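J.: One file is attached below, my_file19.pdb, containing PDB, C-alpha atoms, pLDDT in the B column.
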ATOM      1  CA  MET Z  99       0.000   0.000   0.000  1.00 42.00           C
ATOM      2  CA  ILE Z 100       2.846   2.396   0.789  1.00 42.00           C
ATOM      3  CA  ARG Z 101       4.629   1.867  -2.561  1.00 40.00           C
ATOM      4  CA  PRO Z 102       1.665   2.993  -4.706  1.00 39.00           C
ATOM      5  CA  LEU Z 103       1.280   6.043  -2.469  1.00 34.00           C
ATOM      6  CA  LEU Z 104       4.982   6.929  -2.812  1.00 33.00           C
ATOM      7  CA  PHE Z 105       4.768   6.460  -6.586  1.00 34.00           C
ATOM      8  CA  PHE Z 106       1.717   8.730  -6.701  1.00 34.00           C
ATOM      9  CA  LEU Z 107       3.457  11.429  -4.643  1.00 32.00           C
ATOM     10  CA  ALA Z 108       6.659  11.205  -6.689  1.00 35.00           C
ATOM     11  CA  PHE Z 109       4.795  11.377  -9.999  1.00 33.00           C
ATOM     12  CA  PHE Z 110       2.419  14.200  -9.062  1.00 34.00           C
ATOM     13  CA  GLN Z 111       4.698  16.515  -7.132  1.00 34.00           C
ATOM     14  CA  ILE Z 112       3.179  19.758  -5.973  1.00 32.00           C
ATOM     15  CA  PRO Z 113       5.463  22.715  -6.676  1.00 37.00           C
ATOM     16  CA  ALA Z 114       7.192  24.040  -3.585  1.00 35.00           C
ATOM     17  CA  SER Z 115       6.184  27.603  -4.286  1.00 40.00           C
ATOM     18  CA  CYS Z 116       3.712  29.382  -6.505  1.00 51.00           C
ATOM     19  CA  ALA Z 117       4.918  31.967  -8.970  1.00 59.00           C
ATOM     20  CA  GLN Z 118       5.129  35.445  -7.507  1.00 75.00           C
ATOM     21  CA  ALA Z 119       3.967  38.618  -9.204  1.00 87.00           C
ATOM     22  CA  LEU Z 120       7.129  40.596  -9.960  1.00 93.00           C
ATOM     23  CA  SER Z 121       7.060  44.330  -9.240  1.00 95.00           C
ATOM     24  CA  THR Z 122      10.437  45.965 -10.004  1.00 96.00           C
ATOM     25  CA  ILE Z 123      13.826  45.341 -11.583  1.00 96.00           C
ATOM     26  CA  SER Z 124      16.621  47.805 -10.771  1.00 96.00           C
ATOM     27  CA  SER Z 125      20.277  48.042 -11.671  1.00 95.00           C
ATOM     28  CA  ARG Z 126      22.380  47.368  -8.603  1.00 95.00           C
ATOM     29  CA  TRP Z 127      24.728  50.270  -9.411  1.00 91.00           C
ATOM     30  CA  ASN Z 128      23.951  53.760 -10.721  1.00 89.00           C
ATOM     31  CA  ASN Z 129      26.671  53.707 -13.369  1.00 86.00           C
ATOM     32  CA  SER Z 130      26.541  50.085 -14.569  1.00 89.00           C
ATOM     33  CA  PHE Z 131      24.048  47.702 -16.184  1.00 92.00           C
ATOM     34  CA  VAL Z 132      25.768  44.394 -15.410  1.00 92.00           C
ATOM     35  CA  GLU Z 133      23.945  43.473 -12.159  1.00 95.00           C
ATOM     36  CA  TRP Z 134      20.200  43.711 -11.457  1.00 97.00           C
ATOM     37  CA  ASP Z 135      17.918  43.116  -8.465  1.00 97.00           C
ATOM     38  CA  ILE Z 136      14.415  41.732  -9.024  1.00 97.00           C
ATOM     39  CA  LEU Z 137      11.785  42.620  -6.412  1.00 96.00           C
ATOM     40  CA  ILE Z 138       8.270  41.553  -5.488  1.00 95.00           C
ATOM     41  CA  ALA Z 139       5.653  43.495  -3.566  1.00 88.00           C
ATOM     42  CA  PRO Z 140       4.512  41.495  -0.529  1.00 81.00           C
ATOM     43  CA  GLU Z 141       0.814  40.716  -0.352  1.00 71.00           C
ATOM     44  CA  GLN Z 142      -1.199  42.941   1.988  1.00 57.00           C
ATOM     45  CA  GLU Z 143      -2.090  40.893   5.057  1.00 54.00           C
ATOM     46  CA  ASP Z 144      -4.491  43.416   6.524  1.00 48.00           C
ATOM     47  CA  ALA Z 145      -6.580  45.528   4.158  1.00 48.00           C
ATOM     48  CA  GLU Z 146      -7.381  48.004   6.959  1.00 52.00           C
ATOM     49  CA  THR Z 147      -3.805  49.254   7.337  1.00 55.00           C
ATOM     50  CA  ASP Z 148      -2.713  51.905   4.875  1.00 55.00           C
ATOM     51  CA  GLU Z 149       0.976  51.450   5.621  1.00 60.00           C
ATOM     52  CA  ALA Z 150       3.195  51.141   2.586  1.00 61.00           C
ATOM     53  CA  THR Z 151       4.991  47.823   2.486  1.00 73.00           C
ATOM     54  CA  GLU Z 152       8.577  47.490   1.334  1.00 86.00           C
ATOM     55  CA  GLU Z 153       9.346  45.421  -1.721  1.00 90.00           C
ATOM     56  CA  GLU Z 154      11.311  42.237  -1.098  1.00 94.00           C
ATOM     57  CA  LEU Z 155      14.338  40.973  -3.002  1.00 96.00           C
ATOM     58  CA  TYR Z 156      13.236  37.945  -5.033  1.00 96.00           C
ATOM     59  CA  GLY Z 157      16.042  37.421  -7.513  1.00 97.00           C
ATOM     60  CA  GLU Z 158      18.986  38.757  -9.447  1.00 97.00           C
ATOM     61  CA  LEU Z 159      20.398  38.934 -12.950  1.00 97.00           C
ATOM     62  CA  LYS Z 160      24.088  39.504 -13.648  1.00 94.00           C
ATOM     63  CA  LEU Z 161      26.817  39.019 -16.199  1.00 92.00           C
ATOM     64  CA  ARG Z 162      28.379  35.599 -15.924  1.00 89.00           C
ATOM     65  CA  ARG Z 163      31.943  36.892 -16.066  1.00 80.00           C
ATOM     66  CA  LEU Z 164      32.419  40.269 -14.442  1.00 72.00           C
ATOM     67  CA  GLY Z 165      35.792  41.747 -15.204  1.00 67.00           C
ATOM     68  CA  PHE Z 166      37.794  44.276 -17.144  1.00 58.00           C
ATOM     69  CA  GLN Z 167      36.132  43.493 -20.479  1.00 65.00           C
ATOM     70  CA  GLU Z 168      32.567  42.402 -19.861  1.00 71.00           C
ATOM     71  CA  ASP Z 169      31.126  39.766 -22.190  1.00 82.00           C
ATOM     72  CA  PHE Z 170      27.452  40.672 -22.586  1.00 90.00           C
ATOM     73  CA  SER Z 171      26.641  37.369 -24.299  1.00 92.00           C
ATOM     74  CA  GLU Z 172      26.450  35.281 -21.076  1.00 94.00           C
ATOM     75  CA  TRP Z 173      24.374  35.941 -17.934  1.00 95.00           C
ATOM     76  CA  THR Z 174      23.315  34.096 -14.798  1.00 96.00           C
ATOM     77  CA  TYR Z 175      20.098  34.548 -12.866  1.00 98.00           C
ATOM     78  CA  GLU Z 176      18.263  33.483  -9.742  1.00 97.00           C
ATOM     79  CA  LEU Z 177      14.522  33.952  -9.368  1.00 96.00           C
ATOM     80  CA  GLY Z 178      12.556  32.601  -6.425  1.00 92.00           C
ATOM     81  CA  GLY Z 179      15.234  30.041  -5.629  1.00 92.00           C
ATOM     82  CA  GLN Z 180      15.508  28.802  -9.227  1.00 95.00           C
ATOM     83  CA  ARG Z 181      18.810  29.378 -10.973  1.00 97.00           C
ATOM     84  CA  GLY Z 182      20.059  29.246 -14.531  1.00 98.00           C
ATOM     85  CA  THR Z 183      21.987  30.825 -17.370  1.00 98.00           C
ATOM     86  CA  ILE Z 184      21.098  33.026 -20.320  1.00 98.00           C
ATOM     87  CA  ARG Z 185      23.339  32.913 -23.377  1.00 97.00           C
ATOM     88  CA  GLN Z 186      23.417  34.339 -26.832  1.00 96.00           C
ATOM     89  CA  LYS Z 187      22.897  31.281 -29.041  1.00 95.00           C
ATOM     90  CA  TRP Z 188      25.511  32.380 -31.606  1.00 91.00           C
ATOM     91  CA  LYS Z 189      28.289  34.798 -30.624  1.00 85.00           C
ATOM     92  CA  ASN Z 190      27.746  37.083 -33.626  1.00 85.00           C
ATOM     93  CA  ASP Z 191      23.934  37.037 -33.624  1.00 90.00           C
ATOM     94  CA  PRO Z 192      22.207  39.155 -30.932  1.00 91.00           C
ATOM     95  CA  SER Z 193      18.768  38.136 -32.227  1.00 95.00           C
ATOM     96  CA  GLN Z 194      18.775  34.641 -30.649  1.00 97.00           C
ATOM     97  CA  TRP Z 195      19.123  33.796 -26.949  1.00 97.00           C
ATOM     98  CA  GLU Z 196      18.596  30.738 -24.770  1.00 98.00           C
ATOM     99  CA  LEU Z 197      17.663  30.552 -21.104  1.00 98.00           C
ATOM    100  CA  ARG Z 198      18.518  27.243 -19.391  1.00 98.00           C
ATOM    101  CA  THR Z 199      17.465  26.470 -15.857  1.00 97.00           C
ATOM    102  CA  TYR Z 200      19.664  24.205 -13.759  1.00 97.00           C
ATOM    103  CA  ALA Z 201      16.600  21.919 -13.584  1.00 95.00           C
ATOM    104  CA  GLY Z 202      16.757  21.393 -17.367  1.00 95.00           C
ATOM    105  CA  GLU Z 203      14.071  23.751 -18.725  1.00 96.00           C
ATOM    106  CA  VAL Z 204      15.022  25.560 -21.953  1.00 98.00           C
ATOM    107  CA  ILE Z 205      13.426  28.795 -23.174  1.00 98.00           C
ATOM    108  CA  THR Z 206      14.327  30.469 -26.441  1.00 98.00           C
ATOM    109  CA  MET Z 207      14.130  34.163 -27.219  1.00 98.00           C
ATOM    110  CA  ARG Z 208      14.199  35.144 -30.888  1.00 97.00           C
ATOM    111  CA  ALA Z 209      13.669  38.432 -32.641  1.00 96.00           C
ATOM    112  CA  SER Z 210      10.460  38.186 -34.636  1.00 95.00           C
ATOM    113  CA  TRP Z 211      11.888  40.016 -37.647  1.00 92.00           C
ATOM    114  CA  SER Z 212      15.298  40.228 -39.232  1.00 87.00           C
ATOM    115  CA  ASN Z 213      17.128  43.472 -38.315  1.00 85.00           C
ATOM    116  CA  ASP Z 214      14.362  44.513 -35.877  1.00 89.00           C
ATOM    117  CA  LEU Z 215      15.009  43.903 -32.176  1.00 92.00           C
ATOM    118  CA  SER Z 216      11.820  45.606 -30.968  1.00 93.00           C
ATOM    119  CA  GLU Z 217       9.642  42.458 -31.084  1.00 96.00           C
ATOM    120  CA  TRP Z 218      10.543  39.026 -29.688  1.00 97.00           C
ATOM    121  CA  ARG Z 219       9.039  35.541 -29.569  1.00 98.00           C
ATOM    122  CA  ILE Z 220       9.656  33.852 -26.216  1.00 98.00           C
ATOM    123  CA  THR Z 221       8.855  30.123 -26.044  1.00 98.00           C
ATOM    124  CA  ASP Z 222       9.421  27.004 -23.971  1.00 96.00           C
ATOM    125  CA  ASN Z 223       7.932  24.892 -26.829  1.00 95.00           C
ATOM    126  CA  THR Z 224       4.648  24.673 -24.913  1.00 95.00           C
ATOM    127  CA  ILE Z 225       3.803  28.331 -24.437  1.00 96.00           C
ATOM    128  CA  SER Z 226       4.768  31.121 -26.835  1.00 97.00           C
ATOM    129  CA  LEU Z 227       4.517  34.798 -25.966  1.00 98.00           C
ATOM    130  CA  THR Z 228       5.236  37.868 -28.075  1.00 97.00           C
ATOM    131  CA  LEU Z 229       7.083  40.678 -26.298  1.00 97.00           C
ATOM    132  CA  GLY Z 230       7.231  44.005 -28.055  1.00 96.00           C
ATOM    133  CA  SER Z 231       8.365  47.541 -27.469  1.00 94.00           C
ATOM    134  CA  ARG Z 232       5.461  49.981 -27.475  1.00 88.00           C
ATOM    135  CA  TRP Z 233       7.430  52.257 -29.854  1.00 81.00           C
ATOM    136  CA  LYS Z 234      10.190  51.542 -32.354  1.00 77.00           C
ATOM    137  CA  ASN Z 235      12.191  54.654 -31.506  1.00 76.00           C
ATOM    138  CA  ARG Z 236      11.919  54.467 -27.676  1.00 82.00           C
ATOM    139  CA  LEU Z 237      12.664  51.274 -25.781  1.00 90.00           C
ATOM    140  CA  ASP Z 238      11.373  52.217 -22.318  1.00 93.00           C
ATOM    141  CA  GLU Z 239       8.041  50.350 -22.474  1.00 96.00           C
ATOM    142  CA  TRP Z 240       7.606  46.652 -23.311  1.00 96.00           C
ATOM    143  CA  LEU Z 241       4.401  44.640 -23.352  1.00 97.00           C
ATOM    144  CA  VAL Z 242       2.998  41.125 -23.646  1.00 98.00           C
ATOM    145  CA  GLU Z 243      -0.753  40.943 -24.184  1.00 96.00           C
ATOM    146  CA  ASP Z 244      -2.049  37.418 -24.549  1.00 96.00           C
ATOM    147  CA  GLN Z 245      -5.780  36.678 -24.429  1.00 94.00           C
ATOM    148  CA  ARG Z 246      -5.270  33.321 -22.683  1.00 95.00           C
ATOM    149  CA  ARG Z 247      -2.336  34.049 -20.407  1.00 97.00           C
ATOM    150  CA  GLY Z 248      -2.690  37.708 -19.444  1.00 97.00           C
ATOM    151  CA  ARG Z 249      -0.570  40.828 -19.576  1.00 97.00           C
ATOM    152  CA  PHE Z 250       3.056  41.598 -18.683  1.00 97.00           C
ATOM    153  CA  TYR Z 251       3.982  45.293 -18.876  1.00 98.00           C
ATOM    154  CA  VAL Z 252       7.470  46.602 -18.093  1.00 97.00           C
ATOM    155  CA  TYR Z 253       8.333  50.310 -18.175  1.00 97.00           C
ATOM    156  CA  THR Z 254      10.979  52.682 -16.827  1.00 96.00           C
ATOM    157  CA  LEU Z 255      10.102  54.506 -13.610  1.00 96.00           C
ATOM    158  CA  ARG Z 256      11.595  57.705 -15.076  1.00 94.00           C
ATOM    159  CA  GLU Z 257      11.400  58.405 -18.798  1.00 91.00           C
ATOM    160  CA  GLY Z 258      14.779  57.964 -20.468  1.00 89.00           C
ATOM    161  CA  ASP Z 259      16.399  56.385 -17.362  1.00 94.00           C
ATOM    162  CA  PRO Z 260      16.931  52.621 -17.879  1.00 94.00           C
ATOM    163  CA  ARG Z 261      18.168  51.908 -14.324  1.00 95.00           C
ATOM    164  CA  ASP Z 262      14.769  51.234 -12.676  1.00 97.00           C
ATOM    165  CA  TRP Z 263      11.777  49.443 -14.206  1.00 97.00           C
ATOM    166  CA  ALA Z 264       8.261  48.815 -12.921  1.00 97.00           C
ATOM    167  CA  ILE Z 265       6.666  45.460 -13.707  1.00 97.00           C
ATOM    168  CA  GLU Z 266       2.928  44.912 -13.991  1.00 97.00           C
ATOM    169  CA  ASP Z 267       2.870  41.125 -13.872  1.00 96.00           C
ATOM    170  CA  ASN Z 268      -0.661  39.924 -14.601  1.00 96.00           C
ATOM    171  CA  LEU Z 269       0.261  36.651 -16.284  1.00 96.00           C
ATOM    172  CA  ASN Z 270      -1.594  33.543 -15.126  1.00 95.00           C
ATOM    173  CA  GLU Z 271      -0.055  30.501 -13.443  1.00 94.00           C
ATOM    174  CA  GLU Z 272       0.596  28.782 -16.809  1.00 95.00           C
ATOM    175  CA  VAL Z 273       3.550  31.132 -17.349  1.00 96.00           C
ATOM    176  CA  SER Z 274       6.556  29.859 -15.401  1.00 96.00           C
ATOM    177  CA  GLU Z 275       9.055  32.025 -13.565  1.00 96.00           C
ATOM    178  CA  PRO Z 276      11.807  31.120 -16.071  1.00 97.00           C
ATOM    179  CA  MET Z 277       9.506  32.436 -18.841  1.00 97.00           C
ATOM    180  CA  LYS Z 278       9.053  35.656 -16.852  1.00 97.00           C
ATOM    181  CA  MET Z 279      12.832  35.845 -16.434  1.00 98.00           C
ATOM    182  CA  ALA Z 280      13.225  35.511 -20.222  1.00 98.00           C
ATOM    183  CA  LEU Z 281      10.751  38.374 -20.718  1.00 98.00           C
ATOM    184  CA  LEU Z 282      12.612  40.559 -18.207  1.00 97.00           C
ATOM    185  CA  PHE Z 283      16.027  39.742 -19.612  1.00 98.00           C
ATOM    186  CA  THR Z 284      14.959  40.553 -23.165  1.00 97.00           C
ATOM    187  CA  THR Z 285      13.516  43.884 -22.051  1.00 97.00           C
ATOM    188  CA  ILE Z 286      16.573  44.881 -20.019  1.00 96.00           C
ATOM    189  CA  PHE Z 287      19.136  43.707 -22.542  1.00 95.00           C
ATOM    190  CA  GLN Z 288      17.501  45.484 -25.490  1.00 94.00           C
ATOM    191  CA  SER Z 289      16.926  48.735 -23.567  1.00 94.00           C
ATOM    192  CA  THR Z 290      20.145  49.444 -21.689  1.00 92.00           C
ATOM    193  CA  PRO Z 291      23.681  50.526 -22.593  1.00 86.00           C
ATOM    194  CA  LYS Z 292      26.270  47.743 -22.619  1.00 82.00           C
ATOM    195  CA  GLU Z 293      28.619  49.145 -19.957  1.00 62.00           C
TER
END
Go ahead and express the file in the form of structure tokens.

T.:
Amino acid sequence: MIRPLLFFLAFFQIPASCAQALSTISSRWNNSFVEWDILIAPEQEDAETDEATEEELYGELKLRRLGFQEDFSEWTYELGGQRGTIRQKWKNDPSQWELRTYAGEVITMRASWSNDLSEWRITDNTISLTLGSRWKNRLDEWLVEDQRRGRFYVYTLREGDPRDWAIEDNLNEEVSEPMKMALLFTTIFQSTPKE
């Protein structure tokens, strides 16, 4: 009797944590775009209190090899306890990227059009989302609007300042945290100076 129960529990594992709604991504330093902090807004426990709650650190994104000459083609991330890497698929082609979790999940990020990095297709081969800049000439607002899976809107807190971004994360539970990380990475990488 115990063996079938153990098999059932092993086969149908319940995830340890539910995906969190992301709220902000900010560069760790004022003069550099190589390290980022990802924050969540804690849920309000008591609706009667009007006290502002502090955001909590939930993850980070940073260059894989920090040094004298930064290589912007390889990054590492941690989000909600999950870790992985993000790499440019081909060294001379900035239109194709791959996110790999240490648990084995692979997500690809590809520019939708040749010579146009303002619209991207993000997929894990089950779910595909289209991320696009609201304007071609200004890269400080990015949006996913999917009828089935919801909305993901990322924009700079101050116009023209790519150091701090607000995140309106209204995607449903079908969209994994690694997919959200791929959306964030694509936004940040396409919108910030490489220094």

J.: Would you mind reading off the distance between atom CA of Z:Arg162 and atom CA of Z:Arg219, one decimal, in Å?

T.: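 It comes out at 23.7 Å.
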
J.: What would the selection look like, as a PyMOL selection string, if the PyMOL selection byres ((chain Z and resi 227) around 10) were run on the coordinates I just shared?

T.: chain Z and resi 207+218-222+225-226+228-230+242-244+247+273+277+281

J.: Take atom CA of Z:Leu155 and atom CA of Z:Arg185 and report the distance between them in Å, one decimal.

T.: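 If I compute the distance from atom CA of Z:Leu155 to atom CA of Z:Arg185, I get 23.7 Å.
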
J.: Name all residues at most 12 Å from Z:Asn235 (count only C-alpha atoms; drop same-chain ones fewer than 5 positions away) and give them as JSON, numbers by chain.

T.: {"Z": [214, 215, 216, 258, 289]}

J.: Residue by residue, what does the PyMOL selection byres ((chain Z and resi 179) around 12) grab here? Present the result as a list in words.

T.: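 Written out, the selection comes to Ala114, Ser115, Cys116, Ala117, Gln118, Leu155, Tyr156, Gly157, Glu158, Tyr175, Glu176, Leu177, Gly178, Gln180, Arg181, Gly182, Thr199, Tyr200, Ala201, Glu275 and Pro276 of chain Z.
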
J.: Once 4 Å is added on each side, what are the centre and the three edge lengths, in Å to one decimal, of the axis-aligned box enclosing the listed atoms of stretch 153-169 of chain Z? Present them as JSON.

T.:
{"center_x": 23.6, "center_y": 40.5, "center_z": -11.6, "size_x": 36.4, "size_y": 17.8, "size_z": 29.1}

J.: To verify the selection step, state as an MDAnalysis selection string which residues the PyMOL selection byres ((chain Z and resi 286) around 12) yields on this input.

T.: chainID Z and resid 122:125 131:136 159:160 170 216 231 237:240 252:254 259:265 279:285 287:292

J.: What does the structure give for the distance between atom CA of Z:Trp188 and atom CA of Z:Leu241, in Å to one decimal?

T.: 25.8 Å

J.: For Z:Val204, which of Z:Asn223, Z:Asn190, Z:Asn270, Z:Asn129 is the closest residue, counting all atoms listed in the file?

T.: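 Result for the nearest residue to Z:Val204: Z:Asn223.
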
J.: How would stretch 246-280 of chain Z read, as a CSV table (one decimal), in the frame of the given file, once N, CA and C atoms are built in?

T.:
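Once written, rebuild.csv looks like this:
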chain,number,residue,atom,x,y,z
Z,246,ARG,N,-5.2,34.5,-23.6
Z,246,ARG,CA,-5.3,33.3,-22.7
Z,246,ARG,C,-4.5,33.5,-21.4
Z,247,ARG,N,-3.3,34.1,-21.5
Z,247,ARG,CA,-2.3,34.0,-20.4
Z,247,ARG,C,-2.2,35.4,-19.7
Z,248,GLY,N,-2.7,36.4,-20.2
Z,248,GLY,CA,-2.7,37.7,-19.4
Z,248,GLY,C,-1.7,38.7,-20.0
Z,249,ARG,N,-1.3,39.6,-19.2
Z,249,ARG,CA,-0.6,40.8,-19.6
Z,249,ARG,C,0.7,41.0,-18.7
Z,250,PHE,N,1.8,41.4,-19.3
Z,250,PHE,CA,3.1,41.6,-18.7
Z,250,PHE,C,3.6,42.9,-19.3
Z,251,TYR,N,3.6,43.9,-18.4
Z,251,TYR,CA,4.0,45.3,-18.9
Z,251,TYR,C,5.2,45.8,-18.1
Z,252,VAL,N,6.2,46.1,-18.7
Z,252,VAL,CA,7.5,46.6,-18.1
Z,252,VAL,C,7.8,48.0,-18.6
Z,253,TYR,N,8.0,48.9,-17.7
Z,253,TYR,CA,8.3,50.3,-18.2
Z,253,TYR,C,9.3,51.0,-17.2
Z,254,THR,N,10.0,52.0,-17.7
Z,254,THR,CA,11.0,52.7,-16.8
Z,254,THR,C,10.2,53.6,-15.8
Z,255,LEU,N,10.7,53.7,-14.6
Z,255,LEU,CA,10.1,54.5,-13.6
Z,255,LEU,C,10.3,56.0,-13.9
Z,256,ARG,N,11.4,56.3,-14.6
Z,256,ARG,CA,11.6,57.7,-15.1
Z,256,ARG,C,11.9,57.6,-16.6
Z,257,GLU,N,11.2,58.4,-17.3
Z,257,GLU,CA,11.4,58.4,-18.8
Z,257,GLU,C,12.9,58.7,-19.2
Z,258,GLY,N,13.4,57.8,-20.0
Z,258,GLY,CA,14.8,58.0,-20.5
Z,258,GLY,C,15.8,57.5,-19.5
Z,259,ASP,N,15.5,56.9,-18.4
Z,259,ASP,CA,16.4,56.4,-17.4
Z,259,ASP,C,16.2,54.9,-17.2
Z,260,PRO,N,17.1,54.1,-17.9
Z,260,PRO,CA,16.9,52.6,-17.9
Z,260,PRO,C,17.4,51.9,-16.6
Z,261,ARG,N,17.7,52.6,-15.5
Z,261,ARG,CA,18.2,51.9,-14.3
Z,261,ARG,C,17.1,51.2,-13.5
Z,262,ASP,N,15.8,51.8,-13.5
Z,262,ASP,CA,14.8,51.2,-12.7
Z,262,ASP,C,13.5,51.0,-13.5
Z,263,TRP,N,12.9,49.8,-13.4
Z,263,TRP,CA,11.8,49.4,-14.2
Z,263,TRP,C,10.7,48.9,-13.3
Z,264,ALA,N,9.4,49.4,-13.6
Z,264,ALA,CA,8.3,48.8,-12.9
Z,264,ALA,C,7.8,47.6,-13.7
Z,265,ILE,N,7.2,46.7,-13.1
Z,265,ILE,CA,6.7,45.5,-13.7
Z,265,ILE,C,5.2,45.3,-13.3
Z,266,GLU,N,4.3,45.3,-14.2
Z,266,GLU,CA,2.9,44.9,-14.0
Z,266,GLU,C,2.8,43.5,-14.5
Z,267,ASP,N,2.9,42.6,-13.6
Z,267,ASP,CA,2.9,41.1,-13.9
Z,267,ASP,C,1.5,40.6,-13.6
Z,268,ASN,N,0.7,40.5,-14.7
Z,268,ASN,CA,-0.7,39.9,-14.6
Z,268,ASN,C,-0.8,38.7,-15.5
Z,269,LEU,N,0.3,37.9,-15.6
Z,269,LEU,CA,0.3,36.7,-16.3
Z,269,LEU,C,-0.3,35.6,-15.4
Z,270,ASN,N,-1.0,34.6,-15.9
Z,270,ASN,CA,-1.6,33.5,-15.1
Z,270,ASN,C,-0.5,32.5,-14.8
Z,271,GLU,N,-1.0,31.5,-14.0
Z,271,GLU,CA,-0.1,30.5,-13.4
Z,271,GLU,C,0.5,29.6,-14.5
Z,272,GLU,N,0.0,29.6,-15.7
Z,272,GLU,CA,0.6,28.8,-16.8
Z,272,GLU,C,2.0,29.3,-17.2
Z,273,VAL,N,2.3,30.5,-17.0
Z,273,VAL,CA,3.6,31.1,-17.3
Z,273,VAL,C,4.5,31.0,-16.2
Z,274,SER,N,5.6,30.2,-16.4
Z,274,SER,CA,6.6,29.9,-15.4
Z,274,SER,C,7.4,31.1,-15.1
Z,275,GLU,N,8.1,31.0,-13.9
Z,275,GLU,CA,9.1,32.0,-13.6
Z,275,GLU,C,10.2,32.1,-14.5
Z,276,PRO,N,10.8,31.0,-15.0
Z,276,PRO,CA,11.8,31.1,-16.1
Z,276,PRO,C,11.3,31.9,-17.3
Z,277,MET,N,10.1,31.7,-17.7
Z,277,MET,CA,9.5,32.4,-18.8
Z,277,MET,C,9.5,33.9,-18.5
Z,278,LYS,N,9.1,34.3,-17.3
Z,278,LYS,CA,9.1,35.7,-16.9
Z,278,LYS,C,10.5,36.2,-16.8
Z,279,MET,N,11.4,35.4,-16.4
Z,279,MET,CA,12.8,35.8,-16.4
Z,279,MET,C,13.3,36.1,-17.9
Z,280,ALA,N,12.9,35.3,-18.8
Z,280,ALA,CA,13.2,35.5,-20.2
Z,280,ALA,C,12.6,36.8,-20.7
